[in-house]
Structure formats: C-alpha cells, structure tokens
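Here is the structure we will look at, set down as structure tokens.
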There are 4 protein chains.
Amino acid sequence: MTDIQSVKKKVISINKREYIIEAAIDLFTEKGLEKTKIADIVKQANIAQGTFYLYFPSKLSVMPAIAEVMVEKIHAELINSVNQEASFTEQIKQIVQTIFIFTKKYERIQALVYAGIASTEHLRNWESIYEPLYNWVDALLRKAAQQGSIEAINEESAKLLIGLIESSAEQAYLYDETDEKMAQNKQEAIIPFLLNALEANG
Amino acid sequence: MTDIQSVKKKVISINKREYIIEAAIDLFTEKGLEKTKIADIVKQANIAQGTFYLYFPSKLSVMPAIAEVMVEKIHAELINSVNQEASFTEQIKQIVQTIFIFTKKYERIQALVYAGIASTEHLRNWESIYEPLYNWVDALLRKAAQQGSIEAINEESAKLLIGLIESSAEQAYLYDETDEKMAQNKQEAIIPFLLNALEANG
Amino acid sequence: MTDIQSVKKKVISINKREYIIEAAIDLFTEKGLEKTKIADIVKQANIAQGTFYLYFPSKLSVMPAIAEVMVEKIHAELINSVNQEASFTEQIKQIVQTIFIFTKKYERIQALVYAGIASTEHLRNWESIYEPLYNWVDALLRKAAQQGSIEAINEESAKLLIGLIESSAEQAYLYDETDEKMAQNKQEAIIPFLLNALEANG
Amino acid sequence: MTDIQSVKKKVISINKREYIIEAAIDLFTEKGLEKTKIADIVKQANIAQGTFYLYFPSKLSVMPAIAEVMVEKIHAELINSVNQEASFTEQIKQIVQTIFIFTKKYERIQALVYAGIASTEHLRNWESIYEPLYNWVDALLRKAAQQGSIEAINEESAKLLIGLIESSAEQAYLYDETDEKMAQNKQEAIIPFLLNALEANG
DNA sequence: TATGAATGAGTATTCATTCAT
DNA sequence: CATGAATGAATACTCATTCAT
C-alpha cells in the first residue's frame with residue numbers, strides 16, 4: 001500500500017470515528033442512553049453494525065469521547081466569546097452567558113455524561129478531560145488577581161466557578177419549565193454572587 | 001368492605017410501593033442501573049415479578065420516586081445536622097459537610113438519578129421535588145440576613161448555594177480519584193467562597 | 001333468601017353474562033382474538049377481573065356463546081326479512097341480501113368464530129348451534145319443493161345454500177377491497193347460480 | 001462481492017424464510033397457533049431465535065406467507081388431480097374430491113389462516129393470493145362453456161364454485177363430528193347442486 | 001356472588017457481539 | 001478495514017388465574 005493510500009485510509013477512519021461520536025451525541029440527547037441502541041448509532045452514522053466495534057468496544061465507551069468533544073466545544077466557545085481586554089466583571093458576564101447558551105443548546109448531554117459515568121467504571125479520568133477548561137478559567141482568574149480585580153484565588157476557584165454556573169444553567173434548562181425570562185434572572189443572580197465570592201473590586 | 005379494612009389495604013399497597021423504591025435504591029447503588037434486573041428488585045422487595053408492574057410501568061419509571069426519596073433524605077439529614085443556634089458560618093460548614101457526606105454515601109445513586117431523569121421525559125417537575133429543600137435553605141438565609149450575618153439575599157440564593165455545594169461534592173466523589181484529603185480541600189475551599197458570595201460579616 | 005331476591009340476583013347474573021359476551025364480540029371484532037385480553041373484556045363489561053371466571057372458564061370458552069348469539073341474530077333477521085308469501089325467487093333474493101348485509105355489519109366475527117374453533121378442541125357442537133338456522137332454511141326449501149318451485153332437495157341443500165351465500169359475502173366484505181358495487185355484483189351473480197342449482201322453475 | 005456470492009447469499013436468505021414458513025405450517029397444524037412457540041418454530045427451522053425476527057416481526061405475521069403457500073399447494077394439487085381430458089362432470093368430481101382431501105389434511109391450518117387474517121390487518125390482498133387459483137378454475141369453466149358442457153358463466157362463477165366447495169368441506173371437517181361417511185355424503189350432494197348451478201348438460 | 005390485588009410461570013423480543021465474506 | 005446477516009443468552013413484560021376479603 002502506498003503512503004498516499006495509507007493516509008487516505010487514516011482520514012476515512014477518523015471520519016468514521018467522528019461520525020459515531022456525533023451520532024451518539026444526537027441519539028443520546030434525543031432518546032436517552034438506555035433507549036439508544038448500537039443499531040441506531042450505526043444507522044445514523046451510516047456505517048455497518050460491525051464497524052462500530054472497530055472504533056469502540058461498547059456503547060458506554062463512547063461516553064469519554066463525547067465528553068471530550070463537549071469540553072472542546074465549550075472551551076472553544078469561551079475562548080471565542082470572552083474578551084481578554086474587557087473588565088473582569090464583563091468577562092464573568094460573558095462566561096456566564098456563554099455557559100447558559102451552551103447548556104441550552106446541548107440540553108441533556110451534560111446529564112447524560114453523568115449517566116454514562118454512573119453506569120460504568122470506565123472513567124475517572126473525567127477531570128483530566130475537563131483539565132484544559134479549568135486551566136483556561138484558572139489563568140483568567142490569576143490574571144485578574146494580579147491586576148487586583150479580585151482577591152481570593154486558589155486552585156479550587158476555577159472549578160467552583162464552573163460548577164456554580166453549570167449547576168445554575170442546568171436548573172434553568174433541564175429541570176425548570178424554562179421560560180427565558182427566568183433563565184435571565186438566574187444569570188443575573190449569579191453575577192454578583194460570583195463577584196462577591198471572588199471579592200471582586202468595583 | 002369496612003373502613004378499617006379499606007385503610008389496611010391502602011397501607012399494604014403503599015408499603016409495597018415503598019419496598020420497591022427502597023430495593024431499587026439499594027440495588028442501583030450497589031450494582032448500577034444496567035446490571036440491576038427487575039428480578040433482583042422484586043426479590044429484594046419480597047414481592048412477585050408481576051406486582052412490580054402494578055406500581056411502576058418500567059425500571060426507569062422508578063427513578064422519579066427515588067429522586068423524591070433522595071431529596072427527602074438529604075433534607076432530613078440537613079435538618080438533623082444543622083444547629084439552628086450556631087453561627088451562620090458554622091451552619092454553612094455543617095451544610096457543606098452534610099452534603100459532602102451524603103454525596104459520598106449515595107455516590108452512584110446521585111448520578112443515576114440524573115441518568116434516570118435524563119433518559120426519560122418523566123420529570124420536569126424536578127424543581128418541585130427539590131422545593132422543600134430550597135425552602136429550608138431559603139429560610140435559613142433569610143434568618144441570617146435579618147440577623148445581619150449576611151447581606152445579599154434573593155430568591156436564587158438558596159438554589160445557588162445548593163448547586164454550588166453539590167457540584168463541588170460531585171466533582172470530589174464522582175469524578176476525581178477521590179482521595180479523602182482532596183475532598184477535604186474542596187470542602188474548605190467552598191466555605192470562604194460561599195461566605196464571600198453572601199457577603200457574610202465576621 | 002326470599003324468592004324475589006333470588007330472582008333479582010338471577011337477573012343481574014344473566015346481565016353480567018351478556019355483558020361479557022357483548023364485550024367479547026366488540027373486542028374480538030376490533031382487536032382480534034389473540035390481542036384481546038380478559039382484562040380488556042372485563043373492563044369493557046364493567047365487571048371485576050375475577051367475575052369473568054364465574055361465567056366462563058377461559059377466553060375461548062366465550063366463543064360458543066358468541067356463535068350462538070350470532071346465529072340467533074342472523075336467524076331473527078332472516079325471519080324478519082323474508083316474506084313467506086313471496087315467490088321463491090323473491091325469497092332467495094331476500095335471503096341473499098340479508099346475509100350480505102349481516103356479514104357486512106359483523107364483518108370479522110364470522111372469521112373469528114372460525115378462529116376460536118380452530119384454536120380449541122372445545123366445540124364440535126358448532127353444527128348444533130347452527131341447527132335452527134339450517135332447519136328454517138330447510139323448511140323453506142321443502143315448502144318450495146312441495147309447491148313445485150324447485151326440484152332437487154335433500155338434507156344438504158340448506159347447508160349448501162347458506163355456505164354458498166356466506167362464502168360469497170365473506171369474499172365481498174372480508175377480503176376484497178369491497179366497493180359496494182362489486183358486492184352488488186356478487187349478490188346478483190349468486191341468484192341465478194342458486195336457482196339453477198335448485199332447479200327452480202320460473 | 002461477486003455476483004455469484006451475491007446470488008448465493010440471496011438464496012440462503014430465501015431458504016431461511018421458507019424454512020420458517022414450513023416449520024410454522026407444520027407446528028401450527030400439529031399444535032395449534034396458541035401452543036406453538038417461536039422457540040418451537042426456530043428449533044424446527046434450525047435457525048437461531050433472533051434470526052426469526054430478521055424475516056418476520058411476529059408470530060402472526062407469518063400467517064399471510066402461510067396463506068400464500070397453502071393456496072399454492074391446493075393449486076398444485078388441483079393441477080395434478082384434474083384430468084384435462086376428462087368430461088366436465090368428471091372434472092368437477094375431481095375438484096370436489098381434491099378440495100375435500102386437502103381440507104381434511106390441513107384441517108387446522110385452514111381455519112388458522114382465517115384466524116391469522118382475522119386477527120391482523122395484514123391482508124386485504126387475500127384475493128390476490130387466491131387469484132391464480134381462481135384463474136385456473138375460470139379457465140376450466142370457460143373451456144367447458146366453449147365445448148357446450150355448461151351454459152352460464154361469468155367472472156363470479158369460479159369464485160362461487162370454490163367458495164361453495166370449500167365451505168362444504170369446512171363444514172365436514174372443521175365443525176361436524178366428521179365421520180367419513182357423512183363427508184362422503186356432502187361431497188356427493190355438491191356435485192348435482194353444482195352441475196345444476198352451472199347448467200351442465202349431461 | 002363479586003371483587004381486584006397479587007401472583008409467577010411462561011414467552012416474545014431485544015440487542016450486543018461475532019465472523020465469514 | 002468494512003460489512004451486515006446471524007446468533008442466542010439475557011430479560012422485560014404479559015396475562016390467565018387465584019383467593020382473601
């Protein structure tokens with residue numbers, strides 16, 4: 001086999017893997033974990049039943065890949081939405097808004113990832129998947145601390161911040177009746193709560 | 001049928017339902033959702049296979065009932081652990097500790113409830129299940145505000161508080177490698193974060 | 001127990017039995033034999049699950065009762081529709097029409113009775129159920145033979161006549177696409193076929 | 001995949017489907033519809049449990065396929081038993097006898113086909129299944145009419161003829177006590193009835 | 001008679017996984 | 001690498017029947 005063919009094949013394969021992940025995200029979101037069959041996934045991914053097993057050993061083993069993709073997505077959105085030159089308060093607002101929008105868009109996936117985790121012993125490496133996101137927020141906070149915009153920072157701060165916003169967004173979109181005005185209220189309530197928590201200065 | 005007989009019957013039925021829920025909590029906790037068979041549940045609940053279906057239409061449909069029970073449990077634990085006479089700071093510590101302990105104890109179930117919820121349309125009334133818990137915290141905060149222990153309170157505060165602590169506890173026990181020292185760190189990190197957020201005084 | 005009470009009870013019971021039969025006819029017709037559960041029948045009949053077994057030992061054992069009712073119905077319709085004073089040719093027309101209308105009205109029941117028979121060893125006494133109907137037709141034919149309207153009569157003639165008409169009506173309503181004009185054609189085709197078969201004279 | 005391979009695969013699949021149908025006919029005949037389990041069918045067909053569902057979605061859905069096969073069988077038997085050179089009267093006798101023998105042989109299946117059909121919406125195309133049989137009889141009648149053996153023919157005649165004989169045979173074997181002498185009587189009664197109906201000439 | 005909750009044996013059906021092509 | 005028909009163990013679920021009230 002020539003190198004070019006080899007490369008082409010590799011490319012094709014990567015696509016298949018991605019198709020599977022995308023299909024799984026769609027279907028898990030739509031029908032839930034339990035009710036999504038491998039048969040559904042391969043159908044949606046437009047591949048053969050057996051091909052699935054060339055990429056993943058089981059249905060749940062797709063979960064870490066999904067988690068990775070989700071974190072990448074939100075990370076990218078944050079990088080894109082948060083203005084590094086803006087004031088810290090402004091940045092927090094942007095983060096909150098971005099996470100709310102994201103949570104709304106991918107509604108159930110978040111909880112589904114929990115589900116996947118709960119159903120398997122597979123992954124405790126969850127935190128390592130979240131790592132880049134935490135690092136990004138951590139850097140943001142450290143910079144703000146250096147500039148005197150906030151006081152108290154430690155290695156948990158970033159995680160608390162993310163956790164707080166996500167949990168509020170989930171309440172807004174997953175469980176409540178979710179009228180948009182209420183979601184807005186929740187967003188607005190978080191900001192001062194967070195700024196206080198971080199002892200932000202004007 | 002006499003009234004007494006009628007009452008007795010009703011009682012028996014309620015018991016059966018509760019037996020099922022308790023059995024499901026036990027088994028889901030122990031073996032996970034997937035590996036728990038209806039056969040296991042009815043055996044543990046000491047009822048016939050068919051009887052299960054008189055109370056629940058499927059395995060997943062037990063989830064909302066479990067969620068309710070879980071909230072009742074944590075509510076009870078909080079009432080039991082939080083000293084109404086203690087200082088606000090002390091109370092927050094007690095709340096955090098209680099939630100961490102609870103999350104550790106019911107590790108798996110917690111995430112399974114998410115799973116169950118996420119896998120079904122069963123409940124958007126999740127918030128109504130959480131209601132009593134929120135109300136309890138809300139009352140606590142209002143009292144503290146009246147006494148001048150904290151400043152900023154609104155109707156979201158209780159939810160943010162619970163959400164923050166739960167999300168941190170979940171990170172500690174569901175995703176991380178979970179050595180107990182790290183969990184301790186997380187608990188300690190939350191306290192000042194929270195107290196600041198609420199603008200607690202001294 | 002007084003006589004009056006006894007009578008009243010008896011009346012009530014007869015009603016229940018009839019409710020069951022009527023419910024079974026409805027449901028068998030609507031959903032088929034296999035898919036109709038005893039639970040469905042008792043629900044439709046507005047009686048308790050256990051009560052069914054006071055009247056019938058099994059689902060299929062309702063079949064003979066249904067058959068009986070159906071034969072009574074068609075018998076009554078024939079008595080009502082056939083003019084004893086009319087010419088024989090006219091009478092045949094009336095019989096054919098009545099059976100077609102009846103088959104249309106009770107569409108699938110006919111075939112369902114077959115089904116019931118096929119699924120059980122219960123009843124070979126089918127013929128005895130049909131007996132009054134056959135006798136009625138037989139008498140009609142004998143009278144016509146006496147009057148010289150037809151020639152050949154034997155003890156099978158009535159059965160052949162009924163069987164022929166029913167089979168044609170079933171073709172019309174059970175299996176074909178069943179436009180009414182075609183059904184009309186079938187009816188018209190039978191008359192001369194039958195009259196010839198019986199060697200009817202003008 | 002080469003053409004030959006493709007063909008082979010197709011052949012294998014068709015065989016499996018046919019094995020299922022044959023097994024179902026055998027078992028339904030032997031044990032009845034209710035008592036025949038899918039497990040029995042797959043065992044007899046020598047395939048795996050799951051394979052059944054690749055070809056049929058349920059037990060009842062085999063019925064139309066069985067009906068088709070049954071019509072093919074009776075058609076084949078008629079072609080085989082009726083002497084094209086014999087007199088029309090002789091041919092009618094052969095037809096009657098063949099149908100009686102066939103009905104006796106497949107006693108149960110006959111009614112089961114009704115049952116299957118009646119229990120489902122599967123086929124209104126029953127007539128199209130019967131089509132080849134009707135055509136064959138129709139051709140026979142037309143030839144007889146051309147030769148002057150009978151008078152009245154129209155497009156319903158074949159259906160009436162088949163319906164009449166079948167209904168009589170069913171009476172003989174499905175419902176009556178079925179002693180063979182009585183069955184013989186019924187056969188003999190049909191012949192002149194039919195010949196008259198068709199205005200057969202000596 | 002009438003009830004209807006409880007039963008649990010019995011079975012249809014599912015679906016992850018394999019493997020010959 | 002890719003396929004998808006075939007597999008069959010595993011299980012959810014059904015439903016006729018019972019029986020204490």
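Ordering of the structure tokens sets the chain letters (A, B, ...), residue numbers begin anew at 1 in every chain, and ligands are numbered from 1 in the order given.
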If we count only C-alpha atoms (C1' of nucleotides), what is near segment 137-145 of chain C at a cut-off of 9 Å, once residues fewer than 3 positions away on the same chain are taken out, given as a PDB file with C-alpha atoms, in the first residue's frame?
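Output file out-v6.pdb follows:
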ATOM      1  CA  GLN C  84     -93.281 -16.149   3.449  1.00  0.00           C
ATOM      2  CA  SER C  87     -92.281 -16.171  -4.724  1.00  0.00           C
ATOM      3  CA  PHE C  88     -89.370 -18.496  -4.160  1.00  0.00           C
ATOM      4  CA  PRO C 132     -82.152 -23.780  13.977  1.00  0.00           C
ATOM      5  CA  LEU C 133     -80.923 -21.737  11.062  1.00  0.00           C
ATOM      6  CA  TYR C 134     -80.494 -24.769   8.861  1.00  0.00           C
ATOM      7  CA  GLY C 148     -93.141 -27.179  -7.375  1.00  0.00           C
ATOM      8  CA  SER C 149     -90.957 -24.117  -7.370  1.00  0.00           C
ATOM      9  CA  ILE C 150     -87.813 -26.213  -7.188  1.00  0.00           C
ATOM     10  CA  GLU C 151     -86.923 -29.763  -7.917  1.00  0.00           C
ATOM     11  CA  ALA C 152     -83.976 -31.243  -6.130  1.00  0.00           C
ATOM     12  CA  ILE C 153     -83.899 -31.140  -2.369  1.00  0.00           C
ATOM     13  CA  ASN C 154     -82.002 -33.154   0.153  1.00  0.00           C
ATOM     14  CA  GLU C 155     -80.788 -32.705   3.663  1.00  0.00           C
ATOM     15  CA  GLU C 156     -77.611 -30.972   2.463  1.00  0.00           C
ATOM     16  CA  SER C 157     -79.340 -28.367   0.346  1.00  0.00           C
ATOM     17  CA  ALA C 158     -79.922 -25.900   3.139  1.00  0.00           C
ATOM     18  CA  LYS C 159     -76.303 -26.104   4.259  1.00  0.00           C
ATOM     19  CA  LEU C 161     -77.250 -22.707   0.225  1.00  0.00           C
ATOM     20  CA  ILE C 162     -76.144 -20.998   3.403  1.00  0.00           C
ATOM     21  CA  ALA C 200     -86.020 -23.581  -9.830  1.00  0.00           C
TER      22      ALA C 200
END
Pull out every residue of chain C sitting within 7 Å of chain E, counting only C-alpha atoms (C1' of nucleotides), and send them as number ranges by chain.
C: 48-51
Can those selected residues be exported to a file as an mmCIF file, in the first residue's frame so that it contains C-alpha atoms?
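Contents of the output file again-v4.cif:
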data_model
loop_
_atom_site.group_PDB
_atom_site.id
_atom_site.type_symbol
_atom_site.label_atom_id
_atom_site.label_comp_id
_atom_site.auth_asym_id
_atom_site.auth_seq_id
_atom_site.Cartn_x
_atom_site.Cartn_y
_atom_site.Cartn_z
ATOM 1 C CA ALA C 48 -64.234 -7.238 38.068
ATOM 2 C CA GLN C 49 -61.466 -9.441 36.794
ATOM 3 C CA GLY C 50 -62.468 -12.369 38.948
ATOM 4 C CA THR C 51 -66.112 -12.148 37.972
#
Contacts of Ile20 of chain A within 8 Å, only C-alpha atoms (C1' of nucleotides), excl. fewer than 2 positions in-chain, as a list of chain:residue names
A:Lys16, A:Arg17, A:Glu18, A:Glu22, A:Ala23, A:Ala24, A:Ile41, A:Val42, A:Ala45, A:Phe52
With C-alpha atoms retained, export the selected residues as a PDB file, in the first residue's frame.
ATOM      1  CA  LYS A  16     -15.944   7.200  10.869  1.00  0.00           C
ATOM      2  CA  ARG A  17     -14.946   7.623  14.488  1.00  0.00           C
ATOM      3  CA  GLU A  18     -16.283  11.125  14.435  1.00  0.00           C
ATOM      4  CA  GLU A  22     -21.725  12.756  16.517  1.00  0.00           C
ATOM      5  CA  ALA A  23     -24.403  10.162  16.011  1.00  0.00           C
ATOM      6  CA  ALA A  24     -24.123   9.107  19.630  1.00  0.00           C
ATOM      7  CA  ILE A  41     -25.946   4.712  16.209  1.00  0.00           C
ATOM      8  CA  VAL A  42     -24.523   2.861  13.234  1.00  0.00           C
ATOM      9  CA  ALA A  45     -23.562   7.243  11.360  1.00  0.00           C
ATOM     10  CA  PHE A  52     -18.724   0.234  15.343  1.00  0.00           C
TER      11      PHE A  52
END
Find the residue from A:Leu27, A:Ile99, A:Val113, A:Ala197 that sits nearest to Glu170 of chain A; use only C-alpha atoms when measuring.
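Using only C-alpha atoms, Glu170 of chain A sits closest to A:Ile99.
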Please build the interface table for chain F against chain A with a cut-off of 8 Å, listing for each qualifying residue the nearest atom pair and the distance in Å to one decimal; count only C-alpha atoms (C1' of nucleotides), order rows by chain and increasing number, and write it as a Markdown table.
| residue | atom | partner | partner_atom | distance |
| --- | --- | --- | --- | --- |
| F:DA2 | C1' | A:Thr51 | CA | 6.3 |
| F:DT3 | C1' | A:Ala48 | CA | 5.8 |
| F:DG4 | C1' | A:Gln49 | CA | 6.4 |
Can you work out the spacing between atom CA of Ala111 of chain B and atom CA of Glu68 of chain B in Å, to one decimal?
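Here the two named atoms are 14.1 Å from each other.
Among C:Val71, C:Lys35, C:Ala76, C:Gln171, the residue with the shortest atom-to-atom distance to Tyr130 of chain D, counting only C-alpha atoms, is C:Gln171.
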Atom-to-atom span, atom CA of Tyr55 of chain B and atom CA of Ala39 of chain C, Å:
17.1 Å
Contacts of Phe100 of chain D at 8 Å or less, counting only C-alpha atoms (C1' of nucleotides), minus same-chain residues fewer than 5 places along, as a ChimeraX atom specification?
/D:165-166,169,187
Can you measure atom CA of Leu78 of chain D to atom CA of Ile101 of chain D for me? One decimal in Å is fine.
10.9 Å
Would you return as number ranges by chain the members of segment 12-200 of chain B that DSSP assigns to helix (DSSP H, G or I) on this structure's backbone?
B: 12-31, 38-45, 49-55, 60-81, 88-105, 107-119, 126-146, 157-175, 180-197
